[in-house]
>>> print(open('input-v1.csv').read())   # CSV, C-alpha atoms
chain,number,residue,atom,x,y,z
Z,1,MET,CA,0.0,0.0,0.0
Z,2,PRO,CA,1.7,3.2,-1.1
Z,3,ARG,CA,2.5,6.2,1.1
Z,4,LEU,CA,1.9,9.7,-0.3
Z,5,ASN,CA,5.0,11.6,-1.4
Z,6,PHE,CA,4.2,15.2,-0.7
Z,7,SER,CA,6.7,17.9,-1.2
Z,8,LEU,CA,7.3,20.4,1.6
Z,9,ASP,CA,5.3,23.0,-0.2
Z,10,GLU,CA,2.4,20.6,-0.6
Z,11,LEU,CA,2.5,19.7,3.1
Z,12,ARG,CA,2.5,23.4,4.1
Z,13,GLU,CA,-0.5,24.0,1.8
Z,14,ARG,CA,-2.3,21.1,3.3
Z,15,ALA,CA,-1.6,22.2,6.8
Z,16,LEU,CA,-3.1,25.6,5.9
Z,17,PHE,CA,-6.2,24.0,4.6
Z,18,VAL,CA,-6.5,22.0,7.8
Z,19,ARG,CA,-6.2,25.1,10.0
Z,20,ARG,CA,-8.9,26.8,7.9
Z,21,ASP,CA,-11.1,23.8,8.3
Z,22,ILE,CA,-10.7,23.8,12.1
Z,23,ILE,CA,-11.7,27.4,12.5
Z,24,ALA,CA,-14.6,27.2,10.1
Z,25,LEU,CA,-16.0,24.0,11.7
Z,26,LEU,CA,-15.8,25.5,15.2
Z,27,ALA,CA,-17.4,28.8,14.0
Z,28,ARG,CA,-20.3,27.0,12.3
Z,29,SER,CA,-21.0,24.6,15.3
Z,30,GLN,CA,-20.2,27.1,18.1
Z,31,SER,CA,-19.1,24.1,20.0
Z,32,GLY,CA,-15.8,22.2,20.3
Z,33,HIS,CA,-12.1,22.7,21.0
Z,34,SER,CA,-9.8,25.2,19.3
Z,35,GLY,CA,-6.3,25.1,20.9
Z,36,GLY,CA,-5.3,21.5,20.6
Z,37,PRO,CA,-6.5,20.9,17.1
Z,38,LEU,CA,-4.4,23.9,15.9
Z,39,SER,CA,-1.3,22.8,17.8
Z,40,SER,CA,-1.7,19.2,16.4
Z,41,THR,CA,-2.1,20.4,12.8
Z,42,ASP,CA,1.5,20.2,11.6
Z,43,PHE,CA,2.5,16.8,12.9
Z,44,GLY,CA,-1.0,15.5,12.0
Z,45,THR,CA,-0.5,16.7,8.4
Z,46,VAL,CA,2.9,15.0,8.1
Z,47,LEU,CA,1.4,11.9,9.6
Z,48,PHE,CA,-1.6,11.7,7.2
Z,49,PHE,CA,0.1,13.0,4.0
Z,50,HIS,CA,3.5,11.5,4.3
Z,51,GLU,CA,3.9,8.8,6.9
Z,52,LEU,CA,0.7,6.7,6.9
Z,53,SER,CA,0.3,3.8,4.6
Z,54,VAL,CA,-3.5,3.8,4.2
Z,55,ASN,CA,-6.1,3.5,1.4
Z,56,PRO,CA,-9.2,5.5,2.3
Z,57,ASP,CA,-11.1,3.6,-0.5
Z,58,ARG,CA,-10.4,0.3,1.4
Z,59,LEU,CA,-11.0,1.0,5.0
Z,60,ASP,CA,-10.8,-2.7,5.9
Z,61,ASP,CA,-7.5,-3.4,4.1
Z,62,PRO,CA,-5.6,-5.7,6.5
Z,63,GLY,CA,-2.3,-4.2,5.6
Z,64,ARG,CA,-3.2,-0.6,6.4
Z,65,ASP,CA,-1.3,1.3,9.1
Z,66,LEU,CA,-3.4,2.0,12.2
Z,67,TRP,CA,-3.8,5.4,13.8
Z,68,HIS,CA,-5.6,6.5,16.9
Z,69,PHE,CA,-6.1,9.9,18.6
Z,70,SER,CA,-6.3,9.2,22.3
Z,71,ILE,CA,-7.1,12.9,22.7
Z,72,GLY,CA,-10.4,12.4,21.1
Z,73,HIS,CA,-11.7,15.9,21.8
Z,74,VAL,CA,-9.5,17.3,19.0
Z,75,THR,CA,-12.1,16.2,16.4
Z,76,PRO,CA,-11.8,19.4,14.3
Z,77,VAL,CA,-8.3,18.4,13.3
Z,78,ILE,CA,-9.1,14.7,13.1
Z,79,TYR,CA,-12.0,15.2,10.7
Z,80,SER,CA,-10.2,17.8,8.7
Z,81,LEU,CA,-7.2,15.4,8.2
Z,82,MET,CA,-9.6,12.6,7.3
Z,83,ALA,CA,-11.6,14.6,4.8
Z,84,GLU,CA,-8.5,16.2,3.2
Z,85,ARG,CA,-7.0,12.7,2.9
Z,86,GLY,CA,-10.1,11.4,1.2
Z,87,TYR,CA,-11.8,9.3,3.9
Z,88,PHE,CA,-15.1,11.1,3.1
Z,89,PRO,CA,-16.1,14.1,1.0
Z,90,LEU,CA,-14.9,17.5,2.1
Z,91,ALA,CA,-18.5,18.7,2.1
Z,92,ASP,CA,-19.3,16.3,5.0
Z,93,LEU,CA,-17.4,18.7,7.2
Z,94,LEU,CA,-20.4,21.0,7.0
Z,95,GLY,CA,-22.2,18.5,9.3
Z,96,PHE,CA,-19.7,18.8,12.1
Z,97,ARG,CA,-21.5,18.3,15.5
Z,98,GLN,CA,-24.8,18.4,13.7
Z,99,PHE,CA,-27.6,15.8,14.3
Z,100,HIS,CA,-27.8,15.0,10.6
Z,101,GLY,CA,-24.0,14.5,10.2
Z,102,HIS,CA,-21.7,11.7,11.0
Z,103,LEU,CA,-19.0,13.8,12.6
Z,104,GLN,CA,-19.6,13.7,16.4
Z,105,GLY,CA,-18.0,15.8,19.0
Z,106,HIS,CA,-15.8,12.8,19.9
Z,107,PRO,CA,-14.7,10.2,17.4
Z,108,SER,CA,-17.2,7.4,17.0
Z,109,LYS,CA,-16.3,4.2,15.1
Z,110,HIS,CA,-20.0,3.6,14.7
Z,111,ASP,CA,-20.6,6.9,12.9
Z,112,THR,CA,-17.5,7.9,11.0
Z,113,PRO,CA,-15.9,5.7,8.4
Z,114,GLY,CA,-12.2,5.3,9.0
Z,115,ILE,CA,-12.2,5.8,12.8
Z,116,GLU,CA,-10.6,2.6,14.2
Z,117,VAL,CA,-11.7,3.0,17.8
Z,118,SER,CA,-14.0,5.4,19.5
Z,119,SER,CA,-12.1,7.7,21.9
Z,120,GLY,CA,-12.5,10.6,24.3
Z,121,SER,CA,-11.7,9.2,27.8
Z,122,LEU,CA,-8.1,10.4,28.3
Z,123,GLY,CA,-5.4,7.9,29.2
Z,124,GLN,CA,-6.8,4.9,27.4
Z,125,GLY,CA,-5.5,5.4,23.9
Z,126,LEU,CA,-2.0,4.1,24.3
Z,127,SER,CA,-3.3,0.9,25.8
Z,128,VAL,CA,-5.6,0.4,22.8
Z,129,SER,CA,-2.6,1.1,20.5
Z,130,CYS,CA,-0.4,-1.4,22.3
Z,131,GLY,CA,-3.1,-4.0,21.6
Z,132,MET,CA,-3.1,-3.0,17.9
Z,133,ALA,CA,0.7,-3.2,17.7
Z,134,TYR,CA,0.9,-6.5,19.7
Z,135,GLY,CA,-1.8,-8.1,17.6
Z,136,SER,CA,-0.1,-7.0,14.4
Z,137,ARG,CA,2.9,-8.9,15.5
Z,138,PHE,CA,0.8,-12.1,15.8
Z,139,ASP,CA,-0.7,-11.4,12.4
Z,140,LYS,CA,2.9,-11.1,11.0
Z,141,SER,CA,1.8,-7.8,9.5
Z,142,PRO,CA,4.2,-5.0,8.5
Z,143,ARG,CA,1.7,-2.4,9.5
Z,144,ARG,CA,2.6,0.4,12.0
Z,145,VAL,CA,0.5,1.9,14.7
Z,146,TYR,CA,0.5,5.6,15.6
Z,147,CYS,CA,-1.1,7.0,18.8
Z,148,VAL,CA,-1.6,10.7,19.4
Z,149,MET,CA,-1.7,11.8,23.0
Z,150,GLY,CA,-1.8,15.1,24.8
Z,151,ASP,CA,0.7,16.4,27.3
Z,152,GLY,CA,-1.9,16.8,30.0
Z,153,GLU,CA,-2.8,13.2,29.4
Z,154,GLN,CA,0.6,12.2,30.6
Z,155,GLN,CA,-0.8,12.8,34.1
Z,156,GLU,CA,-2.9,9.6,33.7
Z,157,GLY,CA,-1.5,6.5,35.3
Z,158,GLN,CA,-2.7,4.2,32.5
Z,159,ILE,CA,-0.4,5.9,30.1
Z,160,TRP,CA,2.6,4.5,32.1
Z,161,GLU,CA,1.2,1.0,32.4
Z,162,ALA,CA,0.9,0.9,28.7
Z,163,ALA,CA,4.4,2.4,28.2
Z,164,MET,CA,5.8,-0.5,30.4
Z,165,PHE,CA,3.9,-3.1,28.3
Z,166,ALA,CA,5.1,-1.7,25.0
Z,167,ALA,CA,8.7,-1.6,26.1
Z,168,HIS,CA,8.6,-5.1,27.6
Z,169,TYR,CA,7.3,-6.6,24.4
Z,170,LYS,CA,9.6,-4.4,22.3
Z,171,LEU,CA,6.8,-3.0,20.1
Z,172,ASP,CA,9.0,-1.2,17.6
Z,173,ASN,CA,5.9,-1.0,15.3
Z,174,LEU,CA,4.4,1.5,17.7
Z,175,VAL,CA,4.9,5.2,17.7
Z,176,GLY,CA,3.5,7.6,20.3
Z,177,ILE,CA,3.1,11.3,19.4
Z,178,ILE,CA,2.6,13.8,22.2
Z,179,ASP,CA,1.2,17.2,21.5
Z,180,TYR,CA,3.5,19.0,23.9
Z,181,ASN,CA,1.8,22.4,24.0
Z,182,ARG,CA,2.2,22.8,27.8
Z,183,LYS,CA,-1.4,23.8,28.3
Z,184,GLN,CA,-4.5,22.0,29.4
Z,185,ILE,CA,-8.1,23.1,30.3
Z,186,ASP,CA,-7.2,24.5,33.7
Z,187,GLY,CA,-3.9,26.2,32.9
Z,188,ASP,CA,-0.3,25.4,32.4
Z,189,VAL,CA,0.4,21.6,32.6
Z,190,GLN,CA,3.3,22.2,35.0
Z,191,ASP,CA,1.0,24.1,37.4
Z,192,VAL,CA,-1.8,21.6,37.3
Z,193,MET,CA,0.4,18.5,37.7
Z,194,GLY,CA,4.0,18.7,36.5
Z,195,ILE,CA,5.2,16.1,34.0
Z,196,ALA,CA,8.8,17.4,33.4
Z,197,PRO,CA,11.3,16.1,32.7
Z,198,LEU,CA,9.0,14.2,30.2
Z,199,ALA,CA,11.7,13.0,27.8
Z,200,ASP,CA,13.7,11.5,30.6
Z,201,LYS,CA,10.6,9.7,31.9
Z,202,TRP,CA,9.9,8.1,28.6
Z,203,ARG,CA,13.6,7.1,28.2
Z,204,SER,CA,13.5,5.5,31.7
Z,205,PHE,CA,10.6,3.4,30.5
Z,206,ASN,CA,12.9,2.2,27.7
Z,207,TRP,CA,11.3,4.1,24.8
Z,208,HIS,CA,13.2,5.7,22.0
Z,209,VAL,CA,12.6,9.5,22.4
Z,210,ILE,CA,12.6,11.9,19.5
Z,211,ASP,CA,12.3,15.6,20.7
Z,212,VAL,CA,11.3,18.0,17.9
Z,213,ASP,CA,9.7,21.3,17.1
Z,214,GLY,CA,6.2,20.2,16.4
Z,215,HIS,CA,5.6,22.9,13.8
Z,216,ASP,CA,8.9,22.4,11.8
Z,217,LEU,CA,7.9,20.1,8.9
Z,218,PRO,CA,11.4,19.0,8.0
Z,219,GLN,CA,12.1,18.0,11.6
Z,220,LEU,CA,8.8,16.2,11.7
Z,221,LEU,CA,9.6,14.3,8.5
Z,222,GLU,CA,12.9,13.2,10.0
Z,223,ALA,CA,11.3,12.3,13.3
Z,224,TYR,CA,8.9,9.9,11.7
Z,225,GLU,CA,11.7,8.4,9.6
Z,226,GLU,CA,13.9,8.0,12.7
Z,227,ALA,CA,11.0,6.2,14.5
Z,228,ARG,CA,10.7,3.9,11.4
Z,229,ARG,CA,14.4,3.1,11.6
Z,230,THR,CA,14.4,2.3,15.3
Z,231,LYS,CA,14.3,-1.4,16.1
Z,232,GLY,CA,13.8,-3.3,19.4
Z,233,LYS,CA,11.8,-0.6,21.2
Z,234,PRO,CA,8.8,1.7,20.7
Z,235,SER,CA,9.3,5.3,19.8
Z,236,VAL,CA,7.7,8.4,21.1
Z,237,ILE,CA,7.8,11.8,19.4
Z,238,LEU,CA,7.7,14.8,21.7
Z,239,ALA,CA,6.2,17.4,19.4
Z,240,ARG,CA,6.8,20.7,21.1
Z,241,THR,CA,3.9,22.9,19.9
Z,242,VAL,CA,2.0,26.1,20.7
Z,243,MET,CA,-1.6,25.9,21.6
Z,244,GLY,CA,-3.7,27.7,19.0
Z,245,LYS,CA,-0.8,27.8,16.5
Z,246,GLY,CA,-1.6,30.0,13.5
Z,247,VAL,CA,-4.2,32.3,15.1
Z,248,SER,CA,-2.6,35.3,16.8
Z,249,TYR,CA,-5.1,35.8,19.6
Z,250,MET,CA,-5.3,32.1,20.5
Z,251,GLU,CA,-1.6,31.2,20.6
Z,252,ASP,CA,-0.2,30.0,23.9
Z,253,ASP,CA,-3.5,30.8,25.7
Z,254,TYR,CA,-5.0,27.9,27.7
Z,255,ARG,CA,-8.4,29.6,27.7
Z,256,TRP,CA,-8.8,28.5,24.1
Z,257,HIS,CA,-8.5,24.8,25.0
Z,258,GLY,CA,-12.2,24.1,24.7
Z,259,VAL,CA,-13.7,27.3,23.4
Z,260,PRO,CA,-14.8,28.0,19.8
Z,261,PRO,CA,-14.4,31.4,18.2
Z,262,ASN,CA,-17.5,33.5,17.7
Z,263,ALA,CA,-18.3,34.8,14.2
Z,264,GLU,CA,-16.2,37.9,14.4
Z,265,GLN,CA,-13.2,36.0,15.9
Z,266,ALA,CA,-13.5,33.3,13.2
Z,267,GLU,CA,-13.4,35.9,10.4
Z,268,GLN,CA,-10.3,37.4,11.9
Z,269,ALA,CA,-8.6,34.0,12.2
Z,270,LEU,CA,-9.6,33.0,8.7
Z,271,ARG,CA,-8.2,36.4,7.4
Z,272,GLU,CA,-4.9,35.6,9.1
Z,273,LEU,CA,-5.1,32.2,7.3
Z,274,GLY,CA,-5.8,33.8,4.0
Z,275,THR,CA,-9.5,33.1,3.4
Z,276,SER,CA,-13.0,33.9,4.8
Z,277,LEU,CA,-15.8,31.8,6.0
Z,278,GLU,CA,-17.6,32.4,2.7
Z,279,GLY,CA,-14.5,31.3,0.8
Z,280,TRP,CA,-14.0,28.2,2.9
Z,281,THR,CA,-17.7,27.2,2.4
Z,282,ARG,CA,-17.4,27.6,-1.4
Z,283,ARG,CA,-14.4,25.3,-1.4
Z,284,LEU,CA,-16.2,22.6,0.4
Z,285,GLU,CA,-19.4,22.9,-1.6
Z,286,SER,CA,-17.4,22.6,-4.8
Z,287,HIS,CA,-16.1,19.2,-3.7
Z,288,SER,CA,-19.2,17.1,-4.3
Z,289,ALA,CA,-17.2,13.9,-4.9
Z,290,ARG,CA,-14.7,12.2,-2.6
Z,291,ALA,CA,-11.6,14.3,-1.9
Z,292,VAL,CA,-8.6,13.4,-4.0
Z,293,ALA,CA,-5.0,13.6,-2.8
Z,294,PRO,CA,-2.7,15.9,-4.8
Z,295,SER,CA,-0.8,14.3,-7.6
Z,296,ALA,CA,2.9,15.0,-8.4
Z,297,ASN,CA,1.7,17.8,-10.6
Z,298,GLY,CA,0.0,19.9,-7.9
Z,299,SER,CA,-2.6,20.1,-5.2
Z,300,ALA,CA,-6.2,19.2,-5.2
>>> encode(input="input-v1.csv", output="structure tokens")
Amino acid sequence: MPRLNFSLDELRERALFVRRDIIALLARSQSGHSGGPLSSTDFGTVLFFHELSVNPDRLDDPGRDLWHFSIGHVTPVIYSLMAERGYFPLADLLGFRQFHGHLQGHPSKHDTPGIEVSSGSLGQGLSVSCGMAYGSRFDKSPRRVYCVMGDGEQQEGQIWEAAMFAAHYKLDNLVGIIDYNRKQIDGDVQDVMGIAPLADKWRSFNWHVIDVDGHDLPQLLEAYEEARRTKGKPSVILARTVMGKGVSYMEDDYRWHGVPPNAEQAEQALRELGTSLEGWTRRLESHSARAVAPSANGSA
């Protein structure tokens, strides 16, 4: 199953589309989380448009890579990545958090094609991903498993039980990705319950740690490749990010963790991202068929 081979310019363009989607979805629904989706955009874009070996036209392909967002509340970025990658038509994003749509506030396997496991309860995702990775070994499958976690989620004890399991069984087909934006719903992570030194903690659990700027696309490309090269132990990418990245008034402000922008704020954000709510809506409505990934000759 082929992986996409996006250029840096194509990845940057796709990340811009995703950020626009996030703002527009939240503005239309007036419900959902802003900060984490925006901080997750860049490493999520590289994951979906460079690293993952998946075929959205064959969701049950046994050879597909498996991905899971343990931080299930960041659905604006999850659904945007899925739609932009072709799991369902872009126009479906117009139904975000709507009764008539299939894009719930937290990911639901029963509602959204392509979601492997429903999520939302923090701390559980790495355990689920360990099961995927361990089972893949029994299947003698070359597939890889990617688990996206939050930094506040590192306060959960179940994370560390799963980390011990993965290291003990040398699950080198498992990659954890931590959105290390240093903020959670109640404030700074270090003030709520300190997790530093986080890299040293993961190393002490016998994981291979890759510490990168979570908004630097070349660093992210190399991080995923380094994880792929690492044998005999699982890898974790500490993606150092900024909450609300890309929107000036949201950046590094924990108060935007779970708050959507109002109409005026959304228009300002979309202007900063080079479009408007009207322009975004026109783009989605023009995609009546399944989204198509960019070819070598340009972007969709």
>>> atom_distance(input="input-v1.csv", atom1="CA of Gln98 (chain Z)", atom2="CA of Tyr254 (chain Z)")
26.0 Å
>>> atom_distance(input="input-v1.csv", atom1="CA of Ser7 (chain Z)", atom2="CA of Pro113 (chain Z)")
27.4 Å
>>> closest_residue(input="input-v1.csv", among="Z:Ala162, Z:Val189, Z:Leu47, Z:Ala27", to="Leu221 (chain Z)", atoms="all atoms listed in the file")
Z:Leu47
>>> atom_distance(input="input-v1.csv", atom1="CA of Lys233 (chain Z)", atom2="CA of Ser129 (chain Z)")
14.5 Å
>>> residues_around(input="input-v1.csv", residues="His73 (chain Z)", least_positions_apart="3", cutoff="7 Å", atoms="all atoms listed in the file", output="VMD selection string")
chain Z and resid 33 105 to 106 120
>>> closest_residue(input="input-v1.csv", among="Z:Pro260, Z:Gly279, Z:Pro142, Z:Gly150", to="Ile177 (chain Z)", atoms="only C-alpha atoms")
Z:Gly150
>>> closest_residue(input="input-v1.csv", among="Z:Ser286, Z:Ser141, Z:Gln104, Z:Gln154", to="Leu238 (chain Z)", atoms="all atoms listed in the file")
Z:Gln154
>>> residues_around(input="input-v1.csv", residues="Glu51 (chain Z)", least_positions_apart="6", cutoff="9 Å", atoms="only C-alpha atoms", output="PyMOL selection string")
chain Z and resi 3-5+221+224-225
>>> closest_residue(input="input-v1.csv", among="Z:Phe17, Z:Phe69, Z:Phe6, Z:Phe43", to="Arg283 (chain Z)", atoms="all atoms listed in the file")
Z:Phe17
>>> closest_residue(input="input-v1.csv", among="Z:Met82, Z:Leu8, Z:Ile178, Z:Val145", to="Arg64 (chain Z)", atoms="all atoms listed in the file")
Z:Val145
>>> residues_around(input="input-v1.csv", residues="Asp216 (chain Z)", least_positions_apart="2", cutoff="10 Å", atoms="all atoms listed in the file", output="list in words")
Asp42, Phe43, Val212, Asp213, Gly214, Pro218, Gln219, Leu220, Leu221, Ala239, Arg240 and Thr241 of chain Z
>>> write_last_selection(input="input-v1.csv", atoms="C-alpha atoms", output="short mmCIF file (atom, residue, chain, number, x, y, z; two decimals), in the frame of the given file")
data_model
loop_
_atom_site.label_atom_id
_atom_site.label_comp_id
_atom_site.auth_asym_id
_atom_site.auth_seq_id
_atom_site.Cartn_x
_atom_site.Cartn_y
_atom_site.Cartn_z
CA ASP Z 42 1.50 20.20 11.60
CA PHE Z 43 2.50 16.80 12.90
CA VAL Z 212 11.30 18.00 17.90
CA ASP Z 213 9.70 21.30 17.10
CA GLY Z 214 6.20 20.20 16.40
CA PRO Z 218 11.40 19.00 8.00
CA GLN Z 219 12.10 18.00 11.60
CA LEU Z 220 8.80 16.20 11.70
CA LEU Z 221 9.60 14.30 8.50
CA ALA Z 239 6.20 17.40 19.40
CA ARG Z 240 6.80 20.70 21.10
CA THR Z 241 3.90 22.90 19.90
#
>>> closest_residue(input="input-v1.csv", among="Z:Ser127, Z:Asn262, Z:Ser276, Z:Thr75", to="Ile115 (chain Z)", atoms="only C-alpha atoms")
Z:Thr75
>>> residues_around(input="input-v1.csv", residues="Leu94 (chain Z)", least_positions_apart="6", cutoff="10 Å", atoms="only C-alpha atoms", output="list in words")
Asp21, Ala24, Leu25, Arg28, Ser29, Gly101, Leu103, Thr281, Leu284 and Glu285 of chain Z
>>> write_last_selection(input="input-v1.csv", atoms="C-alpha atoms", output="tab-separated table (two decimals), in the frame of the given file")
chain	number	residue	atom	x	y	z
Z	21	ASP	CA	-11.10	23.80	8.30
Z	24	ALA	CA	-14.60	27.20	10.10
Z	25	LEU	CA	-16.00	24.00	11.70
Z	28	ARG	CA	-20.30	27.00	12.30
Z	29	SER	CA	-21.00	24.60	15.30
Z	101	GLY	CA	-24.00	14.50	10.20
Z	103	LEU	CA	-19.00	13.80	12.60
Z	281	THR	CA	-17.70	27.20	2.40
Z	284	LEU	CA	-16.20	22.60	0.40
Z	285	GLU	CA	-19.40	22.90	-1.60
>>> residues_around(input="input-v1.csv", residues="Asp61 (chain Z)", least_positions_apart="6", cutoff="12 Å", atoms="all atoms listed in the file", output="ChimeraX atom specification")
/Z:1,53-55,114,141,143
